[in-house]
Every structure is written in C-alpha cells, then in structure tokens.
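One file, input-v6.cif, carrying mmCIF, C-alpha atoms and all ligand atoms:
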data_model
loop_
_atom_site.label_atom_id
_atom_site.label_comp_id
_atom_site.auth_asym_id
_atom_site.auth_seq_id
_atom_site.Cartn_x
_atom_site.Cartn_y
_atom_site.Cartn_z
CA MET B 611 128.65 -52.84 205.11
CA LYS B 612 127.81 -52.39 201.46
CA LEU B 613 130.33 -53.46 198.85
CA ASN B 614 130.11 -52.12 195.31
CA THR B 615 132.34 -53.96 192.87
CA GLU B 616 132.42 -55.79 189.59
CA GLY B 617 132.82 -59.46 189.08
CA ILE B 618 132.03 -62.55 187.12
CA VAL B 619 129.72 -65.25 188.42
CA LEU B 620 131.67 -68.52 188.46
CA SER B 621 128.98 -70.75 189.88
CA GLU B 622 125.47 -70.71 191.30
CA GLN B 623 123.92 -73.23 193.64
CA LYS B 624 120.17 -73.42 194.08
CA LEU B 625 119.07 -73.61 197.70
CA THR B 626 115.71 -74.05 199.36
CA GLY B 627 113.50 -71.07 200.07
CA GLY B 628 114.07 -69.41 196.71
CA LYS B 629 117.70 -68.64 197.41
CA ARG B 630 120.85 -69.17 195.39
CA LEU B 631 124.43 -69.14 196.57
CA LEU B 632 126.60 -67.29 194.05
CA THR B 633 130.36 -67.62 193.85
CA ILE B 634 131.75 -64.50 192.19
CA LEU B 635 135.29 -63.57 191.18
CA THR B 636 135.57 -59.86 191.96
CA ARG B 637 138.16 -57.32 190.91
CA LYS B 638 139.54 -56.39 194.34
CA ASN B 639 137.97 -58.85 196.75
CA GLY B 640 139.00 -62.15 195.22
CA ILE B 641 136.36 -64.84 195.52
CA LEU B 642 133.10 -63.60 197.04
CA ARG B 643 130.24 -65.84 198.11
CA CYS B 644 126.81 -64.25 198.54
CA PHE B 645 123.17 -65.22 198.61
CA ALA B 646 120.71 -64.04 195.99
CA ARG B 647 117.00 -64.22 196.76
CA ASP B 648 114.85 -65.22 193.81
CA THR B 649 111.49 -63.50 193.87
CA LYS B 650 108.78 -62.83 191.32
CA ASN B 651 110.58 -59.66 190.36
CA SER B 652 114.16 -60.85 190.62
CA SER B 653 114.48 -62.09 187.04
CA ALA B 654 113.38 -58.68 185.81
CA LYS B 655 115.61 -56.98 188.38
CA TYR B 656 118.79 -58.93 187.66
CA GLY B 657 118.31 -60.14 184.09
CA ALA B 658 121.32 -62.28 183.20
CA ALA B 659 123.50 -60.44 185.72
CA THR B 660 123.53 -63.27 188.25
CA SER B 661 123.91 -66.06 185.70
CA THR B 662 127.08 -68.14 185.49
CA PHE B 663 129.71 -66.53 183.24
CA CYS B 664 128.09 -63.10 183.34
CA TYR B 665 130.34 -60.13 184.10
CA SER B 666 128.37 -57.62 186.18
CA ASN B 667 128.42 -54.61 188.43
CA ILE B 668 127.24 -55.84 191.79
CA SER B 669 126.27 -54.44 195.18
CA VAL B 670 126.47 -56.76 198.14
CA TYR B 671 125.55 -56.30 201.81
CA GLU B 672 128.32 -57.94 203.79
CA GLY B 673 127.10 -59.28 207.11
CA LYS B 674 128.98 -60.98 209.93
CA LYS B 675 127.81 -64.43 208.95
CA SER B 676 126.85 -64.06 205.32
CA SER B 677 126.64 -61.66 202.43
CA ASN B 678 123.53 -60.89 200.41
CA LEU B 679 123.23 -59.55 196.91
CA ASP B 680 121.48 -56.21 196.68
CA GLU B 681 121.86 -55.27 193.04
CA ALA B 682 123.44 -56.68 189.90
CA VAL B 683 123.68 -55.11 186.47
CA SER B 684 125.02 -57.12 183.56
CA LYS B 685 128.04 -55.77 181.66
CA VAL B 686 128.98 -58.72 179.43
CA PHE B 687 127.33 -62.12 179.17
CA PHE B 688 129.45 -64.77 177.46
CA TYR B 689 126.36 -66.49 176.11
CA ASN B 690 128.14 -68.44 173.33
CA ILE B 691 129.77 -70.51 176.06
CA MET B 692 126.37 -71.65 177.29
CA PHE B 693 125.39 -72.98 173.86
CA ASP B 694 128.50 -75.08 173.19
CA ILE B 695 128.96 -78.11 175.40
CA GLU B 696 132.76 -78.23 174.92
CA LYS B 697 133.24 -74.52 175.64
CA LEU B 698 130.94 -74.80 178.64
CA ALA B 699 132.86 -77.79 180.00
CA LEU B 700 136.17 -75.94 179.65
CA ALA B 701 134.76 -72.75 181.22
CA GLN B 702 133.47 -74.81 184.16
CA TYR B 703 136.96 -76.23 184.68
CA LEU B 704 138.53 -72.74 184.58
CA ALA B 705 135.92 -71.64 187.12
CA GLU B 706 136.58 -74.60 189.45
CA LEU B 707 140.31 -74.03 189.24
CA ALA B 708 139.87 -70.32 190.01
CA ILE B 709 137.62 -71.05 192.99
CA GLN B 710 140.16 -73.53 194.30
CA VAL B 711 143.18 -71.24 193.94
CA ILE B 712 142.08 -67.61 194.36
CA PRO B 713 141.69 -66.40 197.95
CA GLU B 714 138.45 -65.07 199.42
CA GLY B 715 138.25 -61.43 200.43
CA ALA B 716 141.38 -60.20 198.66
CA GLY B 717 143.37 -60.83 195.56
CA ASP B 718 145.28 -59.43 192.64
CA PRO B 719 142.94 -57.64 190.16
CA GLU B 720 144.73 -59.57 187.41
CA TYR B 721 142.81 -62.68 188.44
CA LEU B 722 139.64 -61.10 187.09
CA SER B 723 141.36 -59.85 183.91
CA LEU B 724 142.73 -63.34 183.28
CA MET B 725 139.31 -64.93 183.66
CA LEU B 726 137.58 -62.28 181.54
CA ASN B 727 140.08 -62.46 178.72
CA SER B 728 140.00 -66.26 178.72
CA LEU B 729 136.19 -66.36 178.59
CA HIS B 730 136.16 -63.61 175.95
CA LEU B 731 138.47 -65.64 173.68
CA LEU B 732 136.45 -68.78 174.32
CA HIS B 733 133.16 -66.98 173.67
CA ASN B 734 134.41 -65.57 170.36
CA SER B 735 136.36 -68.69 169.32
CA LYS B 736 139.38 -66.44 168.84
CA LYS B 737 142.00 -68.85 170.05
CA HIS B 738 142.54 -72.58 170.15
CA GLU B 739 140.76 -73.87 173.26
CA LEU B 740 143.85 -75.71 174.47
CA ILE B 741 145.94 -72.53 174.28
CA ILE B 742 143.30 -70.65 176.28
CA LYS B 743 143.32 -73.45 178.85
CA ALA B 744 147.12 -73.67 179.05
CA VAL B 745 147.72 -69.93 179.36
CA PHE B 746 145.00 -69.66 181.99
CA GLU B 747 146.51 -72.51 184.02
CA LEU B 748 150.09 -71.25 183.84
CA ARG B 749 149.26 -67.62 184.58
CA LEU B 750 146.92 -68.58 187.43
CA MET B 751 149.65 -70.69 189.02
CA SER B 752 152.10 -67.80 188.65
CA LEU B 753 149.70 -65.25 190.17
CA SER B 754 149.15 -67.65 193.05
CA GLY B 755 152.84 -67.74 193.89
CA PHE B 756 153.86 -70.83 191.94
CA MET B 757 155.88 -69.33 189.12
CA PRO B 758 158.28 -71.94 187.73
CA ASP B 759 161.84 -70.84 187.12
CA ILE B 760 161.89 -70.76 183.31
CA VAL B 761 164.33 -67.93 182.62
CA GLY B 762 167.25 -70.33 182.09
CA CYS B 763 168.60 -73.78 182.92
CA ARG B 764 168.76 -74.20 186.69
CA GLY B 765 172.16 -75.83 186.42
CA CYS B 766 174.06 -73.54 184.06
CA GLY B 767 171.73 -70.66 183.21
CA LEU B 768 171.49 -71.47 179.48
CA TYR B 769 168.65 -69.33 178.11
CA GLU B 770 167.49 -71.56 175.27
CA ASP B 771 168.38 -74.52 173.10
CA ASP B 772 166.58 -76.58 170.47
CA VAL B 773 165.33 -78.75 173.31
CA VAL B 774 165.09 -78.04 177.03
CA TYR B 775 163.47 -80.06 179.82
CA PHE B 776 160.63 -78.82 182.01
CA ASP B 777 160.80 -80.26 185.52
CA THR B 778 157.44 -80.20 187.29
CA GLU B 779 158.89 -81.58 190.54
CA ASN B 780 161.42 -78.78 190.92
CA SER B 781 159.45 -76.12 188.97
CA CYS B 782 162.34 -75.31 186.64
CA ILE B 783 163.95 -76.07 183.30
CA TRP B 784 167.18 -77.94 182.55
CA CYS B 785 169.40 -78.12 179.48
CA LYS B 786 170.64 -81.38 177.93
CA SER B 787 173.87 -81.26 179.90
CA CYS B 788 172.31 -80.59 183.30
CA VAL B 789 169.05 -82.59 183.19
CA GLY B 790 170.50 -85.72 184.80
CA ASN B 791 167.91 -88.18 186.06
CA ASN B 792 165.23 -85.63 186.85
CA SER B 793 161.70 -86.50 185.73
CA VAL B 794 161.01 -84.05 182.94
CA LEU B 795 158.97 -83.10 179.89
CA GLU B 796 160.90 -82.42 176.71
CA VAL B 797 160.11 -78.95 175.40
CA ASN B 798 161.15 -77.39 172.10
CA LYS B 799 161.97 -73.72 171.55
CA ASN B 800 158.46 -72.80 170.32
CA VAL B 801 156.75 -74.27 173.37
CA LEU B 802 159.32 -72.76 175.74
CA ASN B 803 158.67 -69.33 174.23
CA ALA B 804 154.91 -69.85 174.64
CA VAL B 805 155.39 -70.81 178.30
CA ARG B 806 157.55 -67.72 178.83
CA THR B 807 154.91 -65.51 177.19
CA ALA B 808 152.13 -66.96 179.34
CA LEU B 809 154.17 -66.51 182.52
CA LEU B 810 156.24 -63.39 181.96
CA ALA B 811 154.46 -61.14 179.45
CA ASP B 812 152.40 -58.07 180.26
CA PRO B 813 148.88 -59.25 181.22
CA LYS B 814 147.49 -57.92 177.95
CA LYS B 815 149.98 -59.92 175.88
CA ILE B 816 149.84 -63.37 177.45
CA PHE B 817 147.79 -64.91 174.62
CA SER B 818 149.80 -63.18 171.90
CA PHE B 819 151.56 -66.15 170.38
CA SER B 820 150.76 -68.84 167.91
CA LEU B 821 151.74 -72.50 167.81
CA GLY B 822 151.37 -75.37 165.38
CA GLN B 823 149.09 -78.27 166.25
CA GLN B 824 151.65 -80.58 167.83
CA ASP B 825 153.19 -77.75 169.86
CA THR B 826 149.72 -76.75 171.06
CA TYR B 827 149.23 -80.25 172.43
CA LEU B 828 152.65 -80.18 174.07
CA LEU B 829 151.89 -76.86 175.73
CA ALA B 830 148.50 -78.17 176.89
CA ASP B 831 150.10 -81.26 178.44
CA LEU B 832 152.81 -79.26 180.17
CA ALA B 833 150.41 -76.68 181.64
CA GLU B 834 147.96 -79.30 182.86
CA ILE B 835 150.59 -81.55 184.41
CA TYR B 836 152.17 -78.57 186.18
CA THR B 837 148.78 -77.32 187.44
CA LEU B 838 147.75 -80.70 188.79
CA LYS B 839 151.13 -81.08 190.46
CA ILE B 840 150.86 -77.69 192.15
CA THR B 841 147.22 -77.99 193.20
CA ASP B 842 147.69 -81.64 194.19
CA ARG B 843 144.10 -82.59 193.54
CA CYS B 844 141.68 -83.83 190.89
CA PHE B 845 139.10 -81.64 189.20
CA LYS B 846 135.77 -83.25 188.27
CA THR B 847 135.23 -80.52 185.71
CA LEU B 848 138.56 -81.33 184.02
CA ASP B 849 137.64 -85.00 183.79
CA TYR B 850 134.27 -84.01 182.32
CA TYR B 851 135.90 -81.63 179.83
CA LYS B 852 138.20 -84.39 178.59
CA LYS B 853 135.29 -86.83 178.34
CA ILE B 854 133.26 -84.35 176.30
CA LYS B 855 136.23 -83.42 174.14
CA TYR B 856 137.04 -86.99 173.18
CA SER B 857 133.44 -88.07 172.71
CA LEU B 858 132.90 -85.12 170.35
CA ASN B 859 135.93 -86.21 168.39
CA ASN B 860 134.40 -89.69 168.07
CA LYS B 861 137.26 -91.36 169.82
CA ALA B 862 136.56 -94.73 171.37
CA SER B 863 138.98 -94.09 174.17
CA GLU B 864 141.07 -91.30 175.56
CA PRO B 865 144.80 -91.33 174.83
CA GLU B 866 146.82 -92.37 177.82
CA ASN B 867 148.20 -88.89 178.21
CA GLY B 868 147.42 -85.53 176.82
CA TYR B 869 145.62 -84.12 173.87
CA GLU B 870 147.62 -85.46 170.97
CA LYS B 871 144.90 -87.31 169.09
CA THR B 872 142.25 -84.63 168.83
CA GLU B 873 141.59 -82.67 165.67
CA GLU B 874 140.99 -78.96 165.92
CA ASN B 875 141.66 -75.76 164.09
CA ASN B 876 144.55 -73.75 165.38
CA ASN B 877 143.29 -70.22 165.26
CA THR B 878 146.14 -67.88 165.94
CA GLN B 879 144.41 -64.53 166.27
CA GLU B 880 145.67 -62.45 169.09
CA ASN B 881 143.91 -61.50 172.24
CA ASP B 882 141.30 -58.77 172.18
CA ASP B 883 141.81 -57.29 175.59
CA LEU B 884 138.57 -56.86 177.47
CA THR B 885 139.76 -55.08 180.53
ZN ZN B 901 172.36 -76.43 181.99
#

Before anything else, please render the file you have as structure tokens.
Ligand SMILES: [Zn+2]
Amino acid sequence: MKLNTEGIVLSEQKLTGGKRLLTILTRKNGILRCFARDTKNSSAKYGAATSTFCYSNISVYEGKKSSNLDEAVSKVFFYNIMFDIEKLALAQYLAELAIQVIPEGAGDPEYLSLMLNSLHLLHNSKKHELIIKAVFELRLMSLSGFMPDIVGCRGCGLYEDDVVYFDTENSCIWCKSCVGNNSVLEVNKNVLNAVRTALLADPKKIFSFSLGQQDTYLLADLAEIYTLKITDRCFKTLDYYKKIKYSLNNKASEPENGYEKTEENNNTQENDDLT
C-alpha cells in the first residue's frame, strides 16, 4: 500500500548495503519508520528531503514487514539548526522525546504542528531556547494524555495567587493553605500563566507569552522535571544538551538543578505559525 503524507525526519540511521532507516513524524500517521536506499542518483532525487530536521512531502510503500521510501520532496529545511551546536543538541532532544512519546501508525496532527513550530522558532532564533523547550515538553505531555490539573488548587479550587505550588507527583497545583507536605515546586503568577498558555491555549498561541530571565529558568525547570517524571526515563540527548549548554557558557560545572546560572537573551517575539 502506498502512503502519501508529509512529515519531518527526526532521525536517520545508516545501515549496511547503502540503506538508511528514517524515523519520520508524519501528520496523520504518528511516527513512521521506513528504509531509504541510497544510490548514485538518490542525492539528486531526494536533495535534503530525507535529512534530519527536513519537513517534506513523502511517499512510502508500506509492506507487511517494513516500509520503503519511494519519493521525498523537501518543503522546509531548518538548516540553521545544523550549524549551531546548541540548537542542534536541543533539537535532537526534542526529537528523542517525540520518538519516545508519540505512537506509531496514528496520532494527533498537532504533534507535527508542535514539532514544526518549535523547530521554526529555534531555526529563526525567535524565542528563548528554554521557552521553546519548556512549551514543547508541556504540550507534548498534554497531547499524550498527561495534562496536569492546573486550572485551580486541587484542594479549594483557588484560580491564582501570588504563589502557588506545582505538584509533579500528583500532576496538580496547590495553594498556600492546601499544599500540606506534598513535594512541590513554588511557582509565581507569571510562570503559572505561562504553564497555562502552553497547556491550554489554541495550538497557534502556545508560544505567545514572554517571561523575564528568572521566570524563564523556573518554567524550564518545572517543564523538565514534569516531563522526566511522566516519561520515567533518562534522555541521552538531554544530558548532551545540558553539557553543551554549560560548556558554551564557560561554566566549570553544572548547577545542581536547573538552568539558573546560564546567560542568554530573552527574546520575546511571538510565534510565527508555520502550519
Ligand atoms: Zn487551596
């Protein structure tokens, strides 16, 4: 059966016999794995269309045991990512997280929009990297069925306060009066609003907020801790991203937790929707 769709190549693995195994996030079929045969003419035939972080129209023959790429035509290649080691490291983490979480063969089309918009912002340096990362993580968890209850305090329903407490164990927020002995992250109003935007806004608006530097780090910590709790695993690409990030910032050692000691610009331009 021939499948015509569009998707973004998240990874490629070189195999023997001039073959590559591509892992592609498609619009309607979730994660798709297919083989691409590299021949003398294939580079001319595909161009960049089968390269990692290229968004392409693809045709795939789906067999009983495996799928094989027939055609690929590039739509957008996020080439800036390939020339910046920090952007590339972050994009590789987003890709690994997506491959881990998104099902094969089916999936919400918003998965692809989320990945495209995140890579687009990263490619164009239109948003602080840590905001891109945090929004991607939170929205991906939500799309995958792990939406935390952040509408109001779980105990009393209070909508907001100067400080609330995000509970990664119970996937909810608490107010000062109700928090008790739960293990929590303290969250101010700005960060809570950013979390609500990332989780609840229309897909085209999820990056449409701005935060100061300290709040950006708080959001990044919260999103990462929640994601690692939900996925219950380590990501080599995340470890590598952090290593690169701190070595580029000339830090002798990584802070014990989070992103607090890095220095970056906080670009607050809004999302240019790609899809
Ligand atoms: Zn309460």

Set the cut-off to 6 Å, count only C-alpha atoms and all ligand atoms, and list whatever residues fall near ligand ZN 901 (chain B) as an mmCIF file with C-alpha atoms, keeping the file's coordinate frame.
data_model
loop_
_atom_site.group_PDB
_atom_site.id
_atom_site.type_symbol
_atom_site.label_atom_id
_atom_site.label_comp_id
_atom_site.auth_asym_id
_atom_site.auth_seq_id
_atom_site.Cartn_x
_atom_site.Cartn_y
_atom_site.Cartn_z
ATOM 1 C CA CYS B 763 168.600 -73.780 182.920
ATOM 2 C CA GLY B 765 172.160 -75.830 186.420
ATOM 3 C CA CYS B 766 174.060 -73.540 184.060
ATOM 4 C CA GLY B 767 171.730 -70.660 183.210
ATOM 5 C CA LEU B 768 171.490 -71.470 179.480
ATOM 6 C CA TRP B 784 167.180 -77.940 182.550
ATOM 7 C CA CYS B 785 169.400 -78.120 179.480
ATOM 8 C CA SER B 787 173.870 -81.260 179.900
ATOM 9 C CA CYS B 788 172.310 -80.590 183.300
#

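CA of Tyr775 in chain B lies 19.1 Å from CA of Met751 in chain B.
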
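Using only C-alpha atoms for every distance, the candidate list B:Val794, B:Leu753, B:Val801, B:Leu732 yields B:Leu732 as the residue closest to Leu698 in chain B.
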
I'd like the neighbourhood of Asn727 in chain B as a compact mmCIF listing (two decimals) with C-alpha atoms, in the frame of the given file, where a residue qualifies if any of its atoms comes within 12 Å (using only C-alpha atoms), though same-chain residues fewer than 3 positions away should be ignored.
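After the write, result.txt holds the following:
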# COMPACT_ATOMS: atom_id res chain seq x y z
CA ILE B 618 132.03 -62.55 187.12
CA TYR B 665 130.34 -60.13 184.10
CA VAL B 686 128.98 -58.72 179.43
CA PHE B 688 129.45 -64.77 177.46
CA ALA B 701 134.76 -72.75 181.22
CA LEU B 704 138.53 -72.74 184.58
CA GLU B 720 144.73 -59.57 187.41
CA TYR B 721 142.81 -62.68 188.44
CA LEU B 722 139.64 -61.10 187.09
CA SER B 723 141.36 -59.85 183.91
CA LEU B 724 142.73 -63.34 183.28
CA HIS B 730 136.16 -63.61 175.95
CA LEU B 731 138.47 -65.64 173.68
CA LEU B 732 136.45 -68.78 174.32
CA HIS B 733 133.16 -66.98 173.67
CA ASN B 734 134.41 -65.57 170.36
CA SER B 735 136.36 -68.69 169.32
CA LYS B 736 139.38 -66.44 168.84
CA LYS B 737 142.00 -68.85 170.05
CA ILE B 742 143.30 -70.65 176.28
CA LYS B 743 143.32 -73.45 178.85
CA VAL B 745 147.72 -69.93 179.36
CA PHE B 746 145.00 -69.66 181.99
CA PRO B 813 148.88 -59.25 181.22
CA LYS B 814 147.49 -57.92 177.95
CA LYS B 815 149.98 -59.92 175.88
CA ILE B 816 149.84 -63.37 177.45
CA PHE B 817 147.79 -64.91 174.62
CA SER B 818 149.80 -63.18 171.90
CA GLU B 880 145.67 -62.45 169.09
CA ASN B 881 143.91 -61.50 172.24
CA ASP B 882 141.30 -58.77 172.18
CA ASP B 883 141.81 -57.29 175.59
CA LEU B 884 138.57 -56.86 177.47
CA THR B 885 139.76 -55.08 180.53

**Q.** Nearest-residue call for Glu706 in chain B, choices B:Leu848, B:Leu858, B:Leu632, B:Val683, using all atoms listed in the file
**A.** B:Leu848

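Our summary of the geometry notes that CA of Gln623 in chain B is positioned 23.6 Å from CA of Lys852 in chain B.
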
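Separating CA of Arg764 in chain B from CA of Ile712 in chain B is a distance of 28.5 Å.
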
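Nearest-residue note for Thr649 in chain B: choosing from B:Gly628, B:Asn803, B:Gln823, B:Leu748, the minimum distance belongs to B:Gly628, counting all atoms listed in the file.
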
**Q.** Spatial neighbours of Lys799 in chain B, max dist 10 Å, only C-alpha atoms, sep filter under 4 positions, as a PyMOL selection string
**A.** chain B and resi 770-774+803-805+825

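Of the residues under consideration (B:Glu747, B:Asp777, B:Asp831, B:Glu616), B:Glu616 shows the shortest atom-to-atom contact distance to Ala682 in chain B when counting all atoms listed in the file.
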
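The shortest atom-to-atom distance to Pro758 in chain B, with all atoms listed in the file taken into account, belongs to B:Ile840 out of B:Gln702, B:Leu829, B:Ile840, B:Gln824.
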